[in-house]
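Chemist: Below is the structure I would like to discuss, written out as C-alpha cells.
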Amino acid sequence: MSQFPDIREYVALPRVVSLRLSPDGARLVSVVQSLNPDGTSYGTALWDIPLDPEGTPRRLTRSSKGEAGAEFTPDGSLLFVSRRADETVKDPGAETPALWLLPERGEPARVAARPGGIGGVRAGGGAVVYTAQVLPGDAATEEERRTARKEAGVSAILHESYPVRYWDQDLGPAETRLFAASGIEGLGDARDLTPEPGRSLDNVAYEVTPDGATVITTWRTPQANGESRQELVAIDLADGARRTLAASPSHDFDGPVKVSPDGRYVACTRERHGDQELSTTLELWVVDLRTGEGRALGGELFPVAVAWAPSSREIFIAADHLGRRPVFRVTLDGAVTRLTPDDGAYLELCPAPDGSVYALRGAVDSPPRPVRISADGSVVTLPCPTPDLELPGTLTEISATAEDGTEIRGWLVLPAEATAENPAPFLLWIHGGPVSSWNDWSWRWNPWLMARHGYAVLLPDPCLSTGYGQAMIDRGWGDWGPVTHADLMAITDEALKRPDVDDQRIAAMGGSFGGYMANWVAGHTDRFRAVVTHASLWNLDQFAGTTDASMYWQREFGASGSARYERLSPHRSLESIGTPMLVIHGDKDYRVPIGEGLRLWWDLQRSGVESKFLYFPDENHWVLKPGNAIAWYETVLAFLGHHVLGEEWVRPDLLG
C-alpha cells in the first residue's frame, strides 16, 4: 500500500473500468485505463483477473490505440473493439474502430470493420450483433461518399428532427445501426438489421437472446413537439422483423437490457416522465417474452446495474441506498433481499454458475476493484492491476435534521492532521444529477486529494438524492433551489459544530446540478469565503432550450418563460452575489452548454464580483484529459488557497 498521491501522480493512476465473466465462469476479464507513455492521454487494455485471491493479474492486449468493449463468445474467445492497426494487411493503418477477436490462446485478429467504425458488440447462442455508424443511402458507396464529404471540407449536418447533439457528440449525418452475423465466420458479411433507423438507436442498449435468434434493444420513437419516448423492442435476426415489447406514453424503457439465461424474460429499467407536479422515478422492469406481460420489481430501488442469476428465477441489482450502492437479490415473485452488508458501491455484476457474483466494488474511500460476492453476502477482494492506496485521512458519516424533519445524511472526509487544536478548513461539495448520490469513488472530483491538502470535505445527500426513497426526490421536485439550499445549510451547520473543523475558513463547490446549487448558494448567503462552480446552470430559461435533452427539463419546468424558470433561476440573484467565484466550463459540454458559463462569467464581471474563468476548449461536461485534470485541481486549490487560507494568488504553471 502506497501513500496517497498528489495531483500529478493521482492523475496517472490506472483505473479498472469494466468486468466480464466467461460463460463457464472460469475467466474474468477487465478493461483497465492507464496513462499513455506520452502522458497526455489515456489508453485501455484487457486484463485477466485471477479468480484465486493469491493469483496475479495478466495483461492480455497491448496497442497504442487501446481496447474496449470486451465480450465473451460461447467458446471462451474474447471480442473487443479497437482502433489498433491490422498487421495482416498491406496498409495496417486504422482510423476507425474495428471488431477484433482474441482466442483463448493466440494473437488478436480483426474480424469486422465498417467505414464509419464499430461501436460495441454482443454475442449469444452463436450469433454476434454489433453497432456501427452508417451514412444513409447506398451501402456500396458509403466509403466513397465519406471520402468525398471529407475532401470537400463539408462538416454541415441538415437536421429534420430533435435532438441534434448528445453529451459531447454532434448527431448525424451517420446513424447508429445494428448488424448481425451467425458466428464469427459470418462477420464479414454481417447483415444490416435496422436500415434507416434515424435517431432511434442513439445510445442504444441491447442484448442477444441465448438461442441466438433475437436481439432485444431499446428504440427511441419521436413524438410531436420535439418529444420522444424510449421503447423496448425485439428484432428477429433471421428476417429483421421488429416487435414492440414495452412502450408507454409516460415512460422510457432503457438499459441495462438483460435477457434471462433460459431466454424467457428480459429485464431493463423503466423511467417515469416527470412533469411539473410528478417527479421522475426509475424501477426495474421485467417483461415475459412469451406473453408480453411486463411488471415492476424491486420497490423504490433505482437499479444502476442488473444481472440475471443462472437459475433465471432471480435478478441481482446494484442500487443506491443510504449513501452506499449495495447488491440486492430480487426474485420474480417480488421479494427483495440485500446481499452485501458493507459500505461498498457495486457495479459490473457478473453472476457465476456456482452462485457467487463477481463485481467491481468501489466506495467513497476505495477505488473500484474486482471482488467475489458469496451467496451469504461475504466479499473477497481479487487481485487487481491497480495499486492499493493509503488514504490521507478518515471517513465518517454525518447527519442533520431538515426544517420538515427529514434526516439529511452525508459523508465527511477529514484530513489526518485535523484536530481541535488544528481544525481543518472546510469544503461543501454538492453532487450533480440532481437525482444522484455521493456513494462511490470519483476519479473526477476526488475529496481525498483535497484532504491531502488539508481540507475537510462534506459530501451531503440533500433532497432529490437517490437511495432514500421516492419521498426524498419529491421534496425537491420543481423546487430545486430553496429546499436543496435549506438541506445543505442544515448539514453544513452540523459539520461546522465539530471542533476539528474550522467554522470560519469555509468554501462551497459543485458541478452540473451541484454547480447550479453553488450559484444558488452564492446568491443566497455570504457565509462562504469562495465558491467554485463547474459546468453550472445559470439562466434556466436559456439552459432549457440549449441543452441536449430540452424535453426532459421542459417537463419539470414548463414552457419557456414560465414562473418556475423565473423563481428558480440563479441569475435572478446576481445582485446579491459578493462571494469570489471560480467559474469552470468546457466548450464541448452539450449537457450544460458553454453559454451558461459565458453568461455567468460576463454577469459576474459586469457586476464587479471578484471572479476567474477556467475555460477548456476541448472538454465536455467532465474534464477528462490528464493535463486538463491537473490544471483543474491546481487552479481550484490555488483559488481556495487564496480566498480560504489567505495565501497569495499564484497562477498554476500549466496555465502560463
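Numbering starts fresh at 1 for the residues of each chain in the C-alpha cells, the chains themselves are lettered A, B, ... in the order given, and ligands are numbered from 1 as they appear.
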Might you pull out every residue within 7 Å of segment 290-305 of chain A, with only C-alpha atoms counted and same-chain residues fewer than 2 positions away left off, and present them as a list in words?
Modeler: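 Contacts, with the query itself left out: Leu245, Pro256, Arg264, Leu282, Glu283, Leu284, Trp285, Val286, Val287, Asp288, Ala307, Ile317, Ala318, Ala319, Asp320, Val330, Gly334, Val336, Leu347, Glu348, Leu349, Gly469 and Gln470 of chain A.
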Chemist: Hey, what's within 9 Å of Leu458 of chain A if we count only C-alpha atoms and toss same-chain stuff fewer than 4 positions away? As a PyMOL selection string, please?
Modeler: chain A and resi 398+410-414+426-430+447+491-492+495
Chemist: Taking the DSSP assignment computed from this structure's backbone, write out as a PyMOL selection string all residues of segment 114-289 of chain A that belong to alpha helix (DSSP H).
Modeler: chain A and resi 142-151
Chemist: Generate a file of the selected residues that holds N, CA and C atoms, formatted as a PDB file, in the first residue's frame.
Modeler:
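Below is the file that was written, out-v6.pdb:
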```pdb
ATOM      1  N   GLU A 142     -20.876   3.975 -49.533  1.00  0.00           N
ATOM      2  CA  GLU A 142     -20.711   4.752 -48.302  1.00  0.00           C
ATOM      3  C   GLU A 142     -19.281   5.259 -48.137  1.00  0.00           C
ATOM      4  N   GLU A 143     -18.294   4.394 -48.357  1.00  0.00           N
ATOM      5  CA  GLU A 143     -16.916   4.809 -48.124  1.00  0.00           C
ATOM      6  C   GLU A 143     -16.524   5.956 -49.047  1.00  0.00           C
ATOM      7  N   GLU A 144     -16.893   5.888 -50.323  1.00  0.00           N
ATOM      8  CA  GLU A 144     -16.530   6.969 -51.225  1.00  0.00           C
ATOM      9  C   GLU A 144     -17.320   8.237 -50.929  1.00  0.00           C
ATOM     10  N   ARG A 145     -18.557   8.097 -50.428  1.00  0.00           N
ATOM     11  CA  ARG A 145     -19.321   9.286 -50.039  1.00  0.00           C
ATOM     12  C   ARG A 145     -18.696   9.961 -48.826  1.00  0.00           C
ATOM     13  N   ARG A 146     -18.201   9.155 -47.893  1.00  0.00           N
ATOM     14  CA  ARG A 146     -17.499   9.720 -46.746  1.00  0.00           C
ATOM     15  C   ARG A 146     -16.240  10.461 -47.198  1.00  0.00           C
ATOM     16  N   THR A 147     -15.497   9.846 -48.108  1.00  0.00           N
ATOM     17  CA  THR A 147     -14.269  10.461 -48.607  1.00  0.00           C
ATOM     18  C   THR A 147     -14.579  11.772 -49.335  1.00  0.00           C
ATOM     19  N   ALA A 148     -15.626  11.751 -50.154  1.00  0.00           N
ATOM     20  CA  ALA A 148     -15.992  12.955 -50.895  1.00  0.00           C
ATOM     21  C   ALA A 148     -16.383  14.087 -49.954  1.00  0.00           C
ATOM     22  N   ARG A 149     -17.120  13.773 -48.928  1.00  0.00           N
ATOM     23  CA  ARG A 149     -17.527  14.784 -47.945  1.00  0.00           C
ATOM     24  C   ARG A 149     -16.294  15.371 -47.251  1.00  0.00           C
ATOM     25  N   LYS A 150     -15.347  14.492 -46.888  1.00  0.00           N
ATOM     26  CA  LYS A 150     -14.141  14.947 -46.214  1.00  0.00           C
ATOM     27  C   LYS A 150     -13.290  15.813 -47.128  1.00  0.00           C
ATOM     28  N   GLU A 151     -13.097  15.366 -48.363  1.00  0.00           N
ATOM     29  CA  GLU A 151     -12.255  16.114 -49.303  1.00  0.00           C
ATOM     30  C   GLU A 151     -12.877  17.447 -49.692  1.00  0.00           C
TER      31      GLU A 151
END
```
Chemist: Hey, what does DSSP flag as strand (DSSP E) within segment 274-451 of chain A? Can you give it to me as an NGL selection string?
Modeler: :A and (281-288 or 294-297 or 303-308 or 314-319 or 327-331 or 336-338 or 345-351 or 357-363 or 366-373 or 379-381 or 389-390 or 393-401 or 407-415 or 424-430)
Chemist: Can you tell me how far atom CA of Ser562 of chain A sits from atom CA of Gln276 of chain A, in Å to one decimal?
Modeler: 11.0 Å
Chemist: With only C-alpha atoms as the basis for distance, which of A:Ile216, A:Ala12, A:Ile473, A:Ala238 is at the shortest distance from Trp443 of chain A?
Modeler: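 The answer is A:Ala12, which sits nearest to Trp443 of chain A.
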Chemist: With only C-alpha atoms as the counted atoms, please give the residues lying no more than 12 Å from Ser536 of chain A, apart from itself and same-chain residues fewer than 3 positions off, as an MDAnalysis selection string.
Modeler: chainID A and resid 430:434 509:520 531:533 539:540 543 547 569:571 582:586 589:601 621:622
Chemist: Using the selection just defined, write its residues with N, CA and C atoms as a short mmCIF file (atom, residue, chain, number, x, y, z; two decimals), in the first residue's frame.
Modeler:
```
data_model
loop_
_atom_site.label_atom_id
_atom_site.label_comp_id
_atom_site.auth_asym_id
_atom_site.auth_seq_id
_atom_site.Cartn_x
_atom_site.Cartn_y
_atom_site.Cartn_z
N ILE A 430 -21.15 19.73 -3.50
CA ILE A 430 -22.55 19.43 -3.82
C ILE A 430 -22.59 18.54 -5.06
N HIS A 431 -23.28 17.39 -4.97
CA HIS A 431 -23.26 16.46 -6.10
C HIS A 431 -24.16 16.93 -7.24
N GLY A 432 -23.91 16.36 -8.42
CA GLY A 432 -24.70 16.67 -9.60
C GLY A 432 -25.92 15.80 -9.68
N GLY A 433 -26.51 15.75 -10.84
CA GLY A 433 -27.69 14.90 -11.03
C GLY A 433 -28.87 15.66 -11.65
N PRO A 434 -29.77 16.21 -10.84
CA PRO A 434 -29.77 16.23 -9.37
C PRO A 434 -30.15 14.90 -8.73
N MET A 509 -18.49 24.16 -3.29
CA MET A 509 -18.18 23.74 -4.65
C MET A 509 -19.30 22.86 -5.18
N GLY A 510 -19.43 22.83 -6.51
CA GLY A 510 -20.39 21.93 -7.12
C GLY A 510 -20.24 21.89 -8.62
N GLY A 511 -20.66 20.78 -9.24
CA GLY A 511 -20.61 20.63 -10.68
C GLY A 511 -21.95 20.18 -11.22
N SER A 512 -22.33 20.67 -12.39
CA SER A 512 -23.60 20.33 -13.04
C SER A 512 -24.75 20.85 -12.17
N PHE A 513 -25.65 19.96 -11.69
CA PHE A 513 -26.65 20.45 -10.74
C PHE A 513 -25.96 21.01 -9.49
N GLY A 514 -24.85 20.38 -9.09
CA GLY A 514 -24.08 20.93 -7.97
C GLY A 514 -23.57 22.32 -8.27
N GLY A 515 -23.26 22.59 -9.56
CA GLY A 515 -22.87 23.94 -9.95
C GLY A 515 -24.04 24.90 -9.90
N TYR A 516 -25.21 24.43 -10.32
CA TYR A 516 -26.43 25.23 -10.15
C TYR A 516 -26.59 25.63 -8.69
N MET A 517 -26.41 24.65 -7.79
CA MET A 517 -26.58 24.94 -6.37
C MET A 517 -25.46 25.82 -5.85
N ALA A 518 -24.24 25.68 -6.38
CA ALA A 518 -23.16 26.58 -5.98
C ALA A 518 -23.52 28.02 -6.35
N ASN A 519 -24.10 28.20 -7.55
CA ASN A 519 -24.55 29.54 -7.95
C ASN A 519 -25.67 30.03 -7.05
N TRP A 520 -26.59 29.12 -6.71
CA TRP A 520 -27.69 29.50 -5.83
C TRP A 520 -27.17 29.90 -4.45
N VAL A 531 -16.56 30.35 -3.77
CA VAL A 531 -17.46 29.38 -4.41
C VAL A 531 -16.83 28.95 -5.73
N VAL A 532 -16.76 27.63 -5.95
CA VAL A 532 -16.29 27.08 -7.22
C VAL A 532 -17.49 26.45 -7.91
N THR A 533 -17.76 26.87 -9.15
CA THR A 533 -18.93 26.38 -9.88
C THR A 533 -18.47 25.80 -11.21
N ASN A 539 -28.76 30.51 -16.15
CA ASN A 539 -30.02 31.08 -16.60
C ASN A 539 -30.90 29.93 -17.08
N LEU A 540 -31.86 29.51 -16.27
CA LEU A 540 -32.61 28.28 -16.55
C LEU A 540 -33.36 28.32 -17.87
N PHE A 543 -30.81 27.83 -20.55
CA PHE A 543 -30.29 26.46 -20.50
C PHE A 543 -31.28 25.45 -21.07
N THR A 547 -29.71 22.82 -23.99
CA THR A 547 -29.15 21.55 -23.57
C THR A 547 -29.49 20.46 -24.58
N SER A 569 -34.25 30.35 -11.17
CA SER A 569 -33.02 30.60 -11.92
C SER A 569 -32.02 31.38 -11.06
N PRO A 570 -30.79 30.86 -10.90
CA PRO A 570 -29.80 31.54 -10.05
C PRO A 570 -29.46 32.94 -10.53
N HIS A 571 -29.58 33.21 -11.84
CA HIS A 571 -29.16 34.51 -12.35
C HIS A 571 -30.03 35.65 -11.82
N LEU A 582 -15.02 31.07 -8.76
CA LEU A 582 -14.25 30.47 -9.85
C LEU A 582 -15.24 29.73 -10.74
N VAL A 583 -15.37 30.17 -11.99
CA VAL A 583 -16.27 29.57 -12.97
C VAL A 583 -15.46 28.63 -13.85
N ILE A 584 -15.93 27.38 -14.03
CA ILE A 584 -15.22 26.39 -14.85
C ILE A 584 -16.21 25.82 -15.86
N HIS A 585 -15.79 25.74 -17.14
CA HIS A 585 -16.69 25.18 -18.15
C HIS A 585 -15.89 24.67 -19.34
N GLY A 586 -16.42 23.62 -19.98
CA GLY A 586 -15.84 23.06 -21.19
C GLY A 586 -16.69 23.40 -22.40
N ASP A 589 -19.23 20.78 -23.82
CA ASP A 589 -20.29 20.37 -22.90
C ASP A 589 -21.64 20.66 -23.56
N TYR A 590 -22.33 19.62 -23.99
CA TYR A 590 -23.66 19.80 -24.59
C TYR A 590 -24.77 19.56 -23.57
N ARG A 591 -24.44 18.94 -22.44
CA ARG A 591 -25.46 18.75 -21.40
C ARG A 591 -25.78 20.08 -20.74
N VAL A 592 -24.75 20.82 -20.33
CA VAL A 592 -24.91 22.20 -19.86
C VAL A 592 -24.04 23.06 -20.77
N PRO A 593 -24.60 23.60 -21.84
CA PRO A 593 -23.80 24.25 -22.87
C PRO A 593 -22.98 25.43 -22.37
N ILE A 594 -21.92 25.72 -23.11
CA ILE A 594 -20.95 26.73 -22.73
C ILE A 594 -21.60 28.11 -22.53
N GLY A 595 -22.75 28.34 -23.15
CA GLY A 595 -23.44 29.61 -22.95
C GLY A 595 -23.74 29.91 -21.50
N GLU A 596 -23.96 28.87 -20.70
CA GLU A 596 -24.20 29.09 -19.26
C GLU A 596 -22.97 29.66 -18.58
N GLY A 597 -21.79 29.07 -18.87
CA GLY A 597 -20.56 29.56 -18.27
C GLY A 597 -20.20 30.95 -18.75
N LEU A 598 -20.38 31.19 -20.06
CA LEU A 598 -20.06 32.51 -20.61
C LEU A 598 -20.97 33.60 -20.04
N ARG A 599 -22.25 33.27 -19.93
CA ARG A 599 -23.20 34.27 -19.40
C ARG A 599 -22.91 34.53 -17.91
N LEU A 600 -22.64 33.49 -17.15
CA LEU A 600 -22.32 33.66 -15.73
C LEU A 600 -21.06 34.52 -15.58
N TRP A 601 -20.04 34.18 -16.35
CA TRP A 601 -18.77 34.92 -16.26
C TRP A 601 -18.98 36.41 -16.58
N HIS A 621 -18.72 17.80 -20.39
CA HIS A 621 -19.31 18.07 -19.07
C HIS A 621 -18.33 17.73 -17.96
N TRP A 622 -17.44 16.81 -18.25
CA TRP A 622 -16.37 16.43 -17.34
C TRP A 622 -15.03 16.90 -17.91
#
```
Chemist: Tell me which of A:Asp474, A:Glu417, A:Glu104, A:Glu160 sits closest to Gly274 of chain A, counting only C-alpha atoms.
Modeler: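 With only C-alpha atoms as the atom set, the closest residue is A:Asp474.
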Chemist: Rounded to one decimal place, report the atom CA of His321 of chain A-atom CA of Glu397 of chain A distance in Å.
Modeler: 13.9 Å
Chemist: At a cut-off of 8 Å, using only C-alpha atoms, what residues contact Ala127 of chain A? Leave out same-chain residues fewer than 4 positions from it and give the result as a PyMOL selection string.
Modeler: chain A and resi 123+180-184+208+212-213
Chemist: Output C-alpha atoms for every residue in that selection, as a short mmCIF file (atom, residue, chain, number, x, y, z; two decimals), in the first residue's frame.
Modeler:
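Below you can see selection03.cif, which holds the result:
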```
data_model
loop_
_atom_site.label_atom_id
_atom_site.label_comp_id
_atom_site.auth_asym_id
_atom_site.auth_seq_id
_atom_site.Cartn_x
_atom_site.Cartn_y
_atom_site.Cartn_z
CA ALA A 123 -22.80 -12.35 -28.53
CA ALA A 180 -25.87 -9.37 -37.12
CA ALA A 181 -23.95 -12.48 -38.17
CA SER A 182 -24.18 -16.21 -37.47
CA GLY A 183 -20.91 -16.84 -35.69
CA ILE A 184 -17.50 -15.27 -36.04
CA VAL A 208 -28.77 -11.20 -27.86
CA GLY A 212 -29.08 -16.53 -30.90
CA ALA A 213 -32.39 -15.87 -32.66
#
```
Chemist: Rounded to one decimal place, report the atom CA of Ala486 of chain A-atom CA of Glu403 of chain A distance in Å.
Modeler: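 Computing it gives 7.6 Å between the two atoms.
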Chemist: Looking at A:Leu187, A:Val650, A:Val364, A:Val327, which one is nearest to Trp445 of chain A, with distances taken over only C-alpha atoms?
Modeler: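 Closest candidate: A:Val364.
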Chemist: Find, counting only C-alpha atoms, the residue in A:Lys588, A:Arg564, A:Arg122, A:Arg444 that gets nearest to Pro617 of chain A.
Modeler: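 Answer, going by the shortest atom-to-atom distance: A:Lys588.
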Chemist: Which polymer residues have any atom within 9 Å of an atom of Ile408 of chain A, counting only C-alpha atoms, with same-chain residues fewer than 4 positions away left out, as a PyMOL selection string?
Modeler: chain A and resi 398-402+460-463+487-488+490-491
Chemist: For Leu459 of chain A, which residue among A:Lys612, A:Arg229, A:Arg409, A:Arg505 is the nearest when counting only C-alpha atoms?
Modeler: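 Residue with the minimum atom-to-atom distance to Leu459 of chain A: A:Arg409.
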Chemist: For Val483 of chain A, which residue out of A:Ser63, A:Thr176, A:Asp404, A:Asp503 is the nearest one, using only C-alpha atoms?
Modeler: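 Looking at the shortest contact to Val483 of chain A, the residue is A:Asp404.
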